$ cat work-v4.cif   # mmCIF, C-alpha atoms
data_data
#
loop_
_atom_site.label_atom_id
_atom_site.label_comp_id
_atom_site.auth_asym_id
_atom_site.auth_seq_id
_atom_site.Cartn_x
_atom_site.Cartn_y
_atom_site.Cartn_z
CA MET A 1 33.11 30.67 -7.44
CA SER A 2 34.10 28.26 -10.22
CA ALA A 3 31.47 26.27 -12.07
CA LEU A 4 32.14 22.86 -10.54
CA PRO A 5 31.81 23.76 -6.83
CA ALA A 6 28.79 25.90 -7.70
CA LEU A 7 27.15 22.96 -9.43
CA ALA A 8 28.00 20.65 -6.51
CA LEU A 9 26.49 23.15 -4.06
CA LEU A 10 23.40 23.48 -6.24
CA LEU A 11 22.92 19.70 -6.36
CA ALA A 12 23.51 19.38 -2.62
CA LEU A 13 20.94 22.06 -1.92
CA ALA A 14 18.40 20.51 -4.28
CA SER A 15 18.96 16.90 -3.23
CA PRO A 16 16.10 16.85 -0.66
CA ALA A 17 13.78 17.07 -3.69
CA ALA A 18 14.41 13.37 -4.23
CA ALA A 19 12.76 12.61 -0.88
CA HIS A 20 9.05 13.18 -1.27
CA HIS A 21 6.18 11.73 0.66
CA VAL A 22 4.10 9.22 -1.30
CA GLY A 23 1.95 7.83 1.51
CA THR A 24 2.07 4.49 3.29
CA TYR A 25 0.05 1.34 2.85
CA THR A 26 -1.17 -0.78 5.72
CA PRO A 27 -2.61 -4.09 4.51
CA ARG A 28 -6.27 -4.45 5.34
CA ASP A 29 -8.38 -7.49 6.15
CA ASN A 30 -10.37 -8.95 3.31
CA GLU A 31 -14.04 -9.80 3.75
CA ILE A 32 -13.28 -13.39 4.83
CA THR A 33 -10.75 -12.47 7.52
CA THR A 34 -12.98 -9.62 8.70
CA ASN A 35 -15.92 -12.00 9.04
CA PHE A 36 -13.71 -14.53 10.86
CA LYS A 37 -12.65 -11.91 13.40
CA GLN A 38 -16.26 -10.82 13.94
CA ILE A 39 -17.29 -14.42 14.60
CA LYS A 40 -14.27 -15.06 16.83
CA PHE A 41 -14.91 -11.99 18.99
CA SER A 42 -18.59 -12.91 19.28
CA LEU A 43 -17.63 -16.40 20.43
CA GLN A 44 -15.17 -15.00 22.95
CA ALA A 45 -17.97 -12.84 24.32
CA LYS A 46 -20.20 -15.96 24.42
CA LYS A 47 -22.65 -14.29 22.02
CA PHE A 48 -23.42 -17.43 20.07
CA ASP A 49 -26.57 -16.03 18.47
CA VAL A 50 -24.55 -13.10 17.10
CA ALA A 51 -21.79 -15.43 15.90
CA LEU A 52 -24.36 -17.63 14.15
CA ARG A 53 -25.93 -14.64 12.39
CA LEU A 54 -22.51 -13.34 11.35
CA PHE A 55 -21.62 -16.78 9.99
CA GLU A 56 -24.89 -17.25 8.14
CA GLU A 57 -24.81 -13.83 6.51
CA GLY A 58 -21.05 -13.42 6.12
CA ALA A 59 -18.34 -13.93 3.54
CA LEU A 60 -16.78 -16.84 5.42
CA ARG A 61 -19.72 -19.16 4.84
CA ALA A 62 -19.95 -18.04 1.20
CA ALA A 63 -16.25 -18.88 0.78
CA MET A 64 -16.81 -22.26 2.45
CA ARG A 65 -19.53 -23.04 -0.08
CA GLU A 66 -17.42 -21.75 -2.96
CA THR A 67 -14.44 -23.91 -2.01
CA ALA A 68 -16.43 -26.92 -0.77
CA GLY A 69 -14.59 -29.20 -3.21
CA THR A 70 -11.27 -28.65 -1.44
CA LEU A 71 -12.68 -28.96 2.10
CA PRO A 72 -13.52 -32.00 4.25
CA ALA A 73 -17.12 -33.05 3.69
CA GLY A 74 -19.71 -31.34 5.88
CA LEU A 75 -17.41 -28.59 7.16
CA GLU A 76 -19.91 -25.81 6.57
CA SER A 77 -22.97 -27.62 7.95
CA GLY A 78 -20.89 -28.85 10.92
CA THR A 79 -19.74 -25.30 11.70
CA ARG A 80 -23.31 -24.08 11.60
CA ALA A 81 -24.46 -26.93 13.83
CA ALA A 82 -21.64 -26.19 16.32
CA LEU A 83 -22.70 -22.54 16.44
CA GLN A 84 -26.32 -23.54 17.00
CA SER A 85 -25.32 -25.82 19.89
CA ASN A 86 -23.07 -23.10 21.43
CA ASP A 87 -19.97 -25.27 21.04
CA GLY A 88 -17.13 -22.74 20.80
CA LEU A 89 -14.28 -25.27 20.66
CA GLU A 90 -15.88 -27.16 17.81
CA VAL A 91 -16.43 -23.93 15.87
CA GLU A 92 -12.76 -23.05 16.45
CA ARG A 93 -11.63 -26.48 15.19
CA ARG A 94 -13.73 -26.25 12.05
CA LEU A 95 -12.60 -22.71 11.27
CA MET A 96 -9.00 -23.84 11.79
CA ILE A 97 -9.53 -26.55 9.17
CA PHE A 98 -11.09 -24.05 6.79
CA PHE A 99 -8.23 -21.55 6.98
CA ALA A 100 -5.64 -24.32 6.79
CA ALA A 101 -7.36 -25.50 3.59
CA LEU A 102 -7.32 -21.97 2.15
CA ALA A 103 -3.59 -21.65 2.88
CA ARG A 104 -2.91 -25.11 1.45
CA GLU A 105 -4.67 -24.28 -1.84
CA LEU A 106 -2.59 -21.12 -2.11
CA ALA A 107 0.61 -23.09 -1.48
CA LEU A 108 -0.33 -25.59 -4.20
CA GLU A 109 -1.15 -22.82 -6.65
CA ALA A 110 2.09 -20.98 -5.82
CA ASP A 111 4.07 -24.16 -6.45
CA ARG A 112 2.27 -24.64 -9.77
CA GLN A 113 2.94 -21.07 -10.93
CA LEU A 114 6.58 -21.10 -9.79
CA ALA A 115 7.17 -24.23 -11.84
CA ASP A 116 6.86 -22.06 -14.95
CA GLY A 117 10.39 -21.96 -16.37
CA LYS A 118 9.67 -18.76 -18.32
CA LEU A 119 9.40 -16.69 -15.12
CA SER A 120 12.39 -14.45 -14.44
CA ARG A 121 14.11 -14.67 -11.06
CA GLU A 122 12.60 -11.31 -10.02
CA ALA A 123 9.12 -12.36 -11.14
CA ARG A 124 9.49 -15.67 -9.32
CA ALA A 125 10.53 -13.92 -6.10
CA ALA A 126 7.71 -11.35 -6.42
CA THR A 127 5.09 -14.03 -7.11
CA GLY A 128 6.40 -16.17 -4.27
CA ARG A 129 6.35 -13.24 -1.86
CA ARG A 130 2.75 -12.36 -2.74
CA PHE A 131 1.55 -15.92 -2.33
CA LEU A 132 3.38 -16.21 0.98
CA GLU A 133 1.74 -13.03 2.25
CA ALA A 134 -1.69 -14.35 1.30
CA MET A 135 -1.00 -17.76 2.85
CA TRP A 136 0.29 -16.23 6.07
CA ARG A 137 -2.69 -13.89 6.29
CA TYR A 138 -4.95 -16.95 6.51
CA TYR A 139 -2.72 -19.30 8.48
CA ASN A 140 -1.81 -16.63 11.04
CA LEU A 141 -5.48 -16.39 12.05
CA VAL A 142 -5.56 -20.00 13.21
CA ASP A 143 -1.95 -20.60 14.27
CA PHE A 144 -2.94 -20.42 17.93
CA ALA A 145 -5.67 -23.00 17.41
CA VAL A 146 -3.20 -25.21 15.52
CA SER A 147 -0.49 -24.91 18.17
CA SER A 148 -2.92 -25.71 20.97
CA ARG A 149 -3.90 -28.95 19.18
CA ASP A 150 -0.73 -29.95 17.34
CA ASN A 151 2.31 -28.04 18.51
CA LYS A 152 4.72 -29.95 16.27
CA SER A 153 2.82 -29.09 13.10
CA SER A 154 2.53 -25.46 14.15
CA THR A 155 6.30 -25.22 14.70
CA ALA A 156 7.08 -27.02 11.45
CA LEU A 157 4.74 -24.73 9.54
CA ARG A 158 6.26 -21.60 10.99
CA LEU A 159 9.75 -22.85 10.17
CA ALA A 160 8.67 -23.57 6.59
CA PHE A 161 7.18 -20.07 6.30
CA ASP A 162 10.42 -18.56 7.65
CA GLU A 163 12.49 -20.55 5.20
CA ALA A 164 10.29 -19.54 2.26
CA GLU A 165 10.46 -15.89 3.30
CA GLY A 166 14.22 -16.11 3.31
CA TYR A 167 14.19 -17.40 -0.25
CA VAL A 168 11.94 -14.62 -1.59
CA LYS A 169 14.16 -11.97 -0.02
CA THR A 170 17.40 -13.33 -1.41
CA THR A 171 19.09 -11.92 -4.51
CA SER A 172 20.82 -15.16 -5.38
CA ALA A 173 19.31 -17.07 -8.32
CA SER A 174 20.02 -20.52 -6.87
CA GLU A 175 18.41 -19.57 -3.54
CA ALA A 176 15.31 -18.11 -5.20
CA ASP A 177 14.82 -21.38 -7.08
CA LYS A 178 14.63 -23.27 -3.78
CA LEU A 179 11.38 -21.54 -2.85
CA ARG A 180 9.21 -24.37 -4.14
CA GLU A 181 10.59 -26.81 -1.57
CA PRO A 182 9.22 -25.07 1.59
CA LEU A 183 5.98 -24.34 -0.29
CA ARG A 184 5.52 -28.05 -0.93
CA ARG A 185 6.33 -28.75 2.71
CA ILE A 186 3.72 -26.21 3.82
CA SER A 187 1.05 -27.80 1.62
CA GLN A 188 1.93 -31.29 2.90
CA LEU A 189 1.91 -30.20 6.54
CA LEU A 190 -1.43 -28.46 6.07
CA SER A 191 -2.90 -31.50 4.30
CA THR A 192 -1.85 -33.71 7.20
CA LEU A 193 -3.21 -31.20 9.69
CA ILE A 194 -6.55 -31.04 7.87
CA ASP A 195 -6.79 -34.84 7.65
CA THR A 196 -5.89 -35.49 11.28
CA SER A 197 -8.03 -32.62 12.60
CA SER A 198 -11.01 -33.76 10.53
CA ALA A 199 -10.64 -37.35 11.73
CA LEU A 200 -9.82 -36.71 15.39
CA PRO A 201 -12.54 -36.71 18.00
CA ARG A 202 -13.29 -33.32 19.46
CA ARG A 203 -10.81 -32.05 22.04
CA ASP A 204 -13.44 -31.71 24.76
CA SER A 205 -15.13 -35.05 24.12
CA MET B 1 14.79 59.83 8.47
CA ARG B 2 14.54 56.30 7.04
CA GLU B 3 11.50 55.32 5.01
CA PRO B 4 9.36 52.72 6.85
CA PRO B 5 9.65 49.30 5.18
CA THR B 6 6.68 48.34 2.98
CA TRP B 7 5.82 45.03 1.36
CA ARG B 8 6.03 44.92 -2.41
CA LEU B 9 3.79 42.68 -4.44
CA PRO B 10 5.29 40.14 -6.82
CA PRO B 11 4.26 40.43 -10.49
CA VAL B 12 0.55 39.89 -11.08
CA TRP B 13 1.15 36.82 -13.26
CA VAL B 14 2.81 35.15 -10.26
CA LEU B 15 -0.21 35.86 -8.07
CA LEU B 16 -2.52 34.61 -10.80
CA VAL B 17 -0.58 31.35 -11.13
CA ALA B 18 -0.63 30.84 -7.34
CA VAL B 19 -4.35 31.52 -7.09
CA VAL B 20 -5.11 29.23 -10.04
CA LEU B 21 -3.04 26.52 -8.34
CA ILE B 22 -5.13 26.87 -5.17
CA VAL B 23 -8.30 26.76 -7.29
CA CYS B 24 -7.03 23.53 -8.92
CA ALA B 25 -6.35 22.10 -5.46
CA GLU B 26 -9.88 22.85 -4.31
CA VAL B 27 -11.47 21.55 -7.52
CA GLY B 28 -9.27 18.45 -7.26
CA GLY B 29 -10.29 17.83 -3.66
CA ALA B 30 -13.97 18.30 -4.45
CA SER B 31 -13.73 16.06 -7.54
CA MET B 32 -11.99 13.34 -5.52
CA SER B 33 -14.91 13.29 -3.17
CA ARG B 34 -17.63 13.62 -5.82
CA PHE B 35 -16.18 11.05 -8.24
CA LYS B 36 -14.55 8.70 -5.74
CA ILE B 37 -16.43 5.61 -6.95
CA GLU B 38 -15.93 6.42 -10.64
CA LEU B 39 -12.21 7.09 -10.14
CA THR B 40 -11.72 3.88 -8.17
CA ARG B 41 -13.67 1.89 -10.75
CA TRP B 42 -11.61 3.36 -13.59
CA ALA B 43 -8.30 2.71 -11.82
CA ARG B 44 -9.26 -0.85 -10.91
CA GLY B 45 -10.54 -1.59 -14.41
CA THR B 46 -7.38 -0.21 -15.99
CA MET B 47 -5.18 -2.24 -13.62
CA LEU B 48 -7.08 -5.41 -14.51
CA THR B 49 -6.30 -4.78 -18.18
CA HIS B 50 -2.57 -4.63 -17.31
CA PRO B 51 -2.13 -7.73 -15.11
CA ALA B 52 1.55 -8.27 -15.89
CA VAL B 53 2.44 -4.69 -14.92
CA HIS B 54 0.95 -5.19 -11.46
CA GLY B 55 2.11 -8.76 -10.99
CA LEU B 56 -1.42 -10.15 -10.79
CA VAL B 57 -1.39 -13.93 -10.57
CA GLY B 58 -5.05 -14.76 -11.23
CA VAL B 59 -5.78 -15.82 -7.64
CA ARG B 60 -8.30 -13.61 -5.87
CA ASP B 61 -6.70 -13.93 -2.42
CA VAL B 62 -3.39 -12.69 -3.79
CA ASP B 63 -4.58 -10.18 -6.37
CA GLU B 64 -7.02 -8.34 -4.11
CA ARG B 65 -4.14 -7.28 -1.86
CA ILE B 66 -2.09 -6.01 -4.83
CA LEU B 67 -5.05 -4.10 -6.23
CA ASP B 68 -5.90 -2.72 -2.80
CA GLU B 69 -2.39 -1.35 -2.32
CA ALA B 70 -2.37 0.22 -5.78
CA LEU B 71 -5.79 1.79 -5.17
CA VAL B 72 -4.70 3.15 -1.79
CA LYS B 73 -1.64 4.73 -3.44
CA PHE B 74 -3.77 6.03 -6.32
CA ASP B 75 -6.00 7.74 -3.77
CA ALA B 76 -2.93 8.97 -1.87
CA GLY B 77 -1.57 10.52 -5.07
CA LEU B 78 -4.77 12.50 -5.57
CA ARG B 79 -4.89 13.57 -1.92
CA LEU B 80 -1.24 14.63 -1.95
CA PHE B 81 -1.87 16.69 -5.10
CA HIS B 82 -4.77 18.41 -3.33
CA MET B 83 -2.71 19.18 -0.22
CA HIS B 84 0.50 20.18 -1.99
CA ALA B 85 -1.30 22.38 -4.51
CA GLU B 86 -3.08 24.20 -1.67
CA GLY B 87 0.14 24.58 0.29
CA MET B 88 2.40 25.49 -2.58
CA GLY B 89 -0.04 28.15 -3.78
CA LEU B 90 0.37 29.91 -0.44
CA VAL B 91 4.12 29.26 -0.39
CA ILE B 92 4.46 30.92 -3.80
CA ILE B 93 2.55 34.01 -2.65
CA ALA B 94 4.54 34.30 0.58
CA THR B 95 8.02 33.64 -0.79
CA THR B 96 7.69 35.70 -3.96
CA THR B 97 6.42 38.60 -1.85
CA VAL B 98 9.56 38.32 0.30
CA ALA B 99 11.69 38.14 -2.84
CA ALA B 100 9.94 41.14 -4.43
CA THR B 101 10.45 43.15 -1.25
CA LEU B 102 13.96 42.22 -0.18
CA VAL B 103 15.86 41.13 -3.31
CA ARG B 104 16.93 44.36 -4.93
CA THR B 105 19.37 43.24 -7.62
CA ALA B 106 17.75 42.98 -11.04
CA PRO B 107 18.89 39.57 -12.33
CA ALA B 108 18.44 37.83 -8.99
CA ARG B 109 14.91 38.99 -8.20
CA PRO B 110 13.13 37.82 -11.38
CA LEU B 111 15.13 34.60 -11.35
CA ILE B 112 14.23 33.73 -7.75
CA ILE B 113 10.60 34.67 -8.35
CA SER B 114 10.48 32.57 -11.53
CA LEU B 115 12.06 29.53 -9.87
CA LEU B 116 9.69 29.76 -6.90
CA THR B 117 6.66 30.14 -9.16
CA VAL B 118 7.47 27.49 -11.75
CA GLY B 119 8.88 25.02 -9.21
CA GLY B 120 6.06 25.53 -6.74
CA THR B 121 3.37 25.25 -9.39
CA CYS B 122 4.66 22.18 -11.18
CA TYR B 123 5.76 20.16 -8.11
CA PRO B 124 2.20 19.24 -6.98
CA LEU B 125 1.36 18.15 -10.53
CA GLY B 126 3.83 15.30 -10.00
CA TYR B 127 1.36 13.69 -7.60
CA LEU B 128 -1.40 13.97 -10.18
CA LEU B 129 0.88 12.42 -12.79
CA TRP B 130 1.89 9.62 -10.38
CA ALA B 131 -1.75 8.81 -9.60
CA ALA B 132 -2.64 8.76 -13.30
CA LEU B 133 0.33 6.52 -14.14
CA ILE B 134 -0.25 3.90 -11.40
CA PRO B 135 -2.97 1.95 -13.24
CA TYR B 136 -0.92 1.84 -16.45
CA VAL B 137 2.67 1.29 -15.34
CA GLY B 138 2.46 0.24 -11.68
CA LEU B 139 3.49 1.86 -8.41
CA GLU B 140 7.26 1.90 -8.69
CA ARG B 141 7.61 2.74 -12.39
CA GLY B 142 4.99 5.47 -12.05
CA LYS B 143 6.87 6.89 -9.09
CA ALA B 144 10.17 6.85 -10.96
CA ILE B 145 8.65 8.68 -13.95
CA ALA B 146 7.04 11.32 -11.72
CA GLU B 147 10.30 11.73 -9.83
CA TRP B 148 12.47 12.38 -12.85
CA LEU B 149 9.94 14.39 -14.85
CA VAL B 150 8.48 16.52 -12.08
CA TRP B 151 9.43 16.08 -8.43
CA ILE B 152 13.20 16.29 -8.71
CA PRO B 153 13.49 19.12 -11.29
CA PHE B 154 10.70 21.31 -9.96
CA GLY B 155 11.12 20.43 -6.30
CA GLY B 156 14.84 21.07 -6.76
CA ALA B 157 14.13 24.45 -8.38
CA THR B 158 11.97 25.47 -5.42
CA ILE B 159 14.55 24.37 -2.88
CA VAL B 160 17.42 26.16 -4.66
CA ALA B 161 15.34 29.33 -4.93
CA LEU B 162 14.41 29.14 -1.24
CA TRP B 163 18.05 28.75 -0.18
CA TRP B 164 19.03 31.60 -2.45
CA LEU B 165 16.29 33.77 -0.94
CA ALA B 166 17.34 32.78 2.57
CA GLY B 167 20.93 33.74 1.73
CA VAL B 168 19.87 37.15 0.38
CA VAL B 169 17.75 37.87 3.46
CA ALA B 170 20.58 36.80 5.78
CA LEU B 171 23.00 39.01 3.86
CA ARG B 172 20.70 42.01 4.23
CA LEU B 173 20.53 41.34 7.95
CA VAL B 174 24.32 41.26 8.22
CA ARG B 175 24.79 44.45 6.16
CA ARG B 176 22.20 46.41 8.14
#
$ encode --input "work-v4.cif" --output "structure tokens"
Amino acid sequence: MSALPALALLLALASPAAAHHVGTYTPRDNEITTNFKQIKFSLQAKKFDVALRLFEEGALRAAMRETAGTLPAGLESGTRAALQSNDGLEVERRLMIFFAALARELALEADRQLADGKLSREARAATGRRFLEAMWRYYNLVDFAVSSRDNKSSTALRLAFDEAEGYVKTTSASEADKLREPLRRISQLLSTLIDTSSALPRRDS
Amino acid sequence: MREPPTWRLPPVWVLLVAVVLIVCAEVGGASMSRFKIELTRWARGTMLTHPAVHGLVGVRDVDERILDEALVKFDAGLRLFHMHAEGMGLVIIATTTVAATLVRTAPARPLIISLLTVGGTCYPLGYLLWAALIPYVGLERGKAIAEWLVWIPFGGATIVALWWLAGVVALRLVRR
């Protein structure tokens, strides 16, 4: 056997070595989303006392206090009062506002960071993708509550998320630069949603 | 009358290397469990000192996810070292015993045994290297370094030696 075919055979035989298992990663809930789900499931089971305890002792309330400056006034005390009066719909509305505010702050921060002209196209896409993941993780929790109250906003938000995702996946420089536009739209839509939801009378009243 | 076939042992140094590899696997597994918090704290602290490498943006909601993924992969690297080192130790003993017994030609036998031993011993170390590199150079760069320095050369050596051994065994079967 001549050297070249022997080498080719050797490489072909050894090529599976390039395929090695390095494990998989499944994104996990953070302490805020975990606490939200605990409260939500307690409310669905009509265990208002459990939901109240989970809210009072959990990360969600701590985050509400920490970000009080970006939230409508009285959101935390109103959520607590709604839990104490066993008002599930009001709790849902207030939590919807909270998560919409978290997603909006992330959209604003993403827009601010992506405005940095020194970022390479790859860095811009990577940063945009990470912010989008974080925003979606929060918004996704309350999308049903949003759509049941304001279907148009819910649809517009999902379209903006889709558009932004398309831009972070693209390899074209001009397309990647367009990412800020849907991010701004998301923050505006969420701001409007927060304002109207905070001002509106309760759905069941 | 034909002599009944008997298994021949590979050289003692091969058995020693394989046993030491299994010992390393067990010590690694035990250490992972015993020092889990310390290892996680070290990896997280090191990642925080290299924010650009990991693409950290300074926003907790974004960064926690990045750090979590890197820590999960760091842990996976250590676990995969533990499992591969255990497994490859046994693979070395089994395959070199087959080679010592059935490969009769002088240049082929030591070569196959050496490839199986060196390849099988060094391959699991790639996972240890990958885990150690993650905090400093990130997931993908660490993986690429481990691939080219360890997994591809030593994994390739093991695979070539195994095919060679399989060919020799098949040839003996045909010539019988």
$ resolve_selection --input "work-v4.cif" --expression "the PyMOL selection byres ((chain A and resi 84) around 12)" --output "ChimeraX atom specification"
/A:43,47-53,55-56,77-83,85-88,90-91
$ closest_residue --input "work-v4.cif" --among "A:Ile39, A:Ala68, A:Ala8, A:Leu189" --to "Leu95 in chain A" --atoms "only C-alpha atoms"
A:Ile39
$ residues_around --input "work-v4.cif" --residues "range 148-156 of chain B" --least-positions-apart "4" --cutoff "12 Å" --atoms "all atoms listed in the file" --output "VMD selection string"
(chain A and resid 10 to 22) or (chain B and resid 81 84 88 114 to 130 141 to 144 160 to 163)
$ write_last_selection --input "work-v4.cif" --atoms "C-alpha atoms" --output "short mmCIF file (atom, residue, chain, number, x, y, z; two decimals), keeping the file's coordinate frame"
data_model
loop_
_atom_site.label_atom_id
_atom_site.label_comp_id
_atom_site.auth_asym_id
_atom_site.auth_seq_id
_atom_site.Cartn_x
_atom_site.Cartn_y
_atom_site.Cartn_z
CA LEU A 10 23.40 23.48 -6.24
CA LEU A 11 22.92 19.70 -6.36
CA ALA A 12 23.51 19.38 -2.62
CA LEU A 13 20.94 22.06 -1.92
CA ALA A 14 18.40 20.51 -4.28
CA SER A 15 18.96 16.90 -3.23
CA PRO A 16 16.10 16.85 -0.66
CA ALA A 17 13.78 17.07 -3.69
CA ALA A 18 14.41 13.37 -4.23
CA ALA A 19 12.76 12.61 -0.88
CA HIS A 20 9.05 13.18 -1.27
CA HIS A 21 6.18 11.73 0.66
CA VAL A 22 4.10 9.22 -1.30
CA PHE B 81 -1.87 16.69 -5.10
CA HIS B 84 0.50 20.18 -1.99
CA MET B 88 2.40 25.49 -2.58
CA SER B 114 10.48 32.57 -11.53
CA LEU B 115 12.06 29.53 -9.87
CA LEU B 116 9.69 29.76 -6.90
CA THR B 117 6.66 30.14 -9.16
CA VAL B 118 7.47 27.49 -11.75
CA GLY B 119 8.88 25.02 -9.21
CA GLY B 120 6.06 25.53 -6.74
CA THR B 121 3.37 25.25 -9.39
CA CYS B 122 4.66 22.18 -11.18
CA TYR B 123 5.76 20.16 -8.11
CA PRO B 124 2.20 19.24 -6.98
CA LEU B 125 1.36 18.15 -10.53
CA GLY B 126 3.83 15.30 -10.00
CA TYR B 127 1.36 13.69 -7.60
CA LEU B 128 -1.40 13.97 -10.18
CA LEU B 129 0.88 12.42 -12.79
CA TRP B 130 1.89 9.62 -10.38
CA ARG B 141 7.61 2.74 -12.39
CA GLY B 142 4.99 5.47 -12.05
CA LYS B 143 6.87 6.89 -9.09
CA ALA B 144 10.17 6.85 -10.96
CA VAL B 160 17.42 26.16 -4.66
CA ALA B 161 15.34 29.33 -4.93
CA LEU B 162 14.41 29.14 -1.24
CA TRP B 163 18.05 28.75 -0.18
#
$ atom_distance --input "work-v4.cif" --atom1 "CA of Ala99 in chain B" --atom2 "CA of Leu171 in chain B"
13.2 Å
$ closest_residue --input "work-v4.cif" --among "A:Lys37, A:Arg184, A:Lys152, A:Arg130" --to "Val62 in chain B" --atoms "only C-alpha atoms"
A:Arg130
$ atom_distance --input "work-v4.cif" --atom1 "CA of Gly69 in chain A" --atom2 "CA of Arg112 in chain A"
18.7 Å
$ interface_residues --input "work-v4.cif" --of "chain A" --to "chain B" --cutoff "12 Å" --atoms "all atoms listed in the file" --output "ChimeraX atom specification"
/A:6-7,9-33,63,102-103,105-110,112-114,119,122-138
$ residues_near_point --input "work-v4.cif" --point "(-7.8, -18.0, 15.9)" --cutoff "10 Å" --atoms "all atoms listed in the file" --output "VMD selection string"
chain A and resid 36 to 37 40 to 41 92 to 93 95 to 96 99 138 to 146
$ atom_distance --input "work-v4.cif" --atom1 "CA of Lys118 in chain A" --atom2 "CA of Thr170 in chain A"
19.4 Å
$ resolve_selection --input "work-v4.cif" --expression "the PyMOL selection byres ((chain A and resi 163) around 12)" --output "list in words"
Arg129, Leu132, Ala156, Leu157, Arg158, Leu159, Ala160, Phe161, Asp162, Ala164, Glu165, Gly166, Tyr167, Val168, Lys169, Thr170, Glu175, Ala176, Lys178, Leu179, Arg180, Glu181, Pro182, Leu183, Arg184, Arg185 and Ile186 of chain A
$ write_last_selection --input "work-v4.cif" --atoms "C-alpha atoms" --output "PDB file, in the coordinates of the input"
ATOM      1  CA  ARG A 129       6.350 -13.240  -1.860  1.00  0.00           C
ATOM      2  CA  LEU A 132       3.380 -16.210   0.980  1.00  0.00           C
ATOM      3  CA  ALA A 156       7.080 -27.020  11.450  1.00  0.00           C
ATOM      4  CA  LEU A 157       4.740 -24.730   9.540  1.00  0.00           C
ATOM      5  CA  ARG A 158       6.260 -21.600  10.990  1.00  0.00           C
ATOM      6  CA  LEU A 159       9.750 -22.850  10.170  1.00  0.00           C
ATOM      7  CA  ALA A 160       8.670 -23.570   6.590  1.00  0.00           C
ATOM      8  CA  PHE A 161       7.180 -20.070   6.300  1.00  0.00           C
ATOM      9  CA  ASP A 162      10.420 -18.560   7.650  1.00  0.00           C
ATOM     10  CA  ALA A 164      10.290 -19.540   2.260  1.00  0.00           C
ATOM     11  CA  GLU A 165      10.460 -15.890   3.300  1.00  0.00           C
ATOM     12  CA  GLY A 166      14.220 -16.110   3.310  1.00  0.00           C
ATOM     13  CA  TYR A 167      14.190 -17.400  -0.250  1.00  0.00           C
ATOM     14  CA  VAL A 168      11.940 -14.620  -1.590  1.00  0.00           C
ATOM     15  CA  LYS A 169      14.160 -11.970  -0.020  1.00  0.00           C
ATOM     16  CA  THR A 170      17.400 -13.330  -1.410  1.00  0.00           C
ATOM     17  CA  GLU A 175      18.410 -19.570  -3.540  1.00  0.00           C
ATOM     18  CA  ALA A 176      15.310 -18.110  -5.200  1.00  0.00           C
ATOM     19  CA  LYS A 178      14.630 -23.270  -3.780  1.00  0.00           C
ATOM     20  CA  LEU A 179      11.380 -21.540  -2.850  1.00  0.00           C
ATOM     21  CA  ARG A 180       9.210 -24.370  -4.140  1.00  0.00           C
ATOM     22  CA  GLU A 181      10.590 -26.810  -1.570  1.00  0.00           C
ATOM     23  CA  PRO A 182       9.220 -25.070   1.590  1.00  0.00           C
ATOM     24  CA  LEU A 183       5.980 -24.340  -0.290  1.00  0.00           C
ATOM     25  CA  ARG A 184       5.520 -28.050  -0.930  1.00  0.00           C
ATOM     26  CA  ARG A 185       6.330 -28.750   2.710  1.00  0.00           C
ATOM     27  CA  ILE A 186       3.720 -26.210   3.820  1.00  0.00           C
TER      28      ILE A 186
END
$ resolve_selection --input "work-v4.cif" --expression "the PyMOL selection byres ((chain B and resi 35-39) around 12)" --output "list in words"
Val27, Gly28, Gly29, Ala30, Ser31, Met32, Ser33, Arg34, Thr40, Arg41, Trp42, Ala43, Arg44, Gly45, Thr46, Leu71, Val72, Phe74, Asp75, Leu78, Arg79, Ala131, Ala132 and Pro135 of chain B
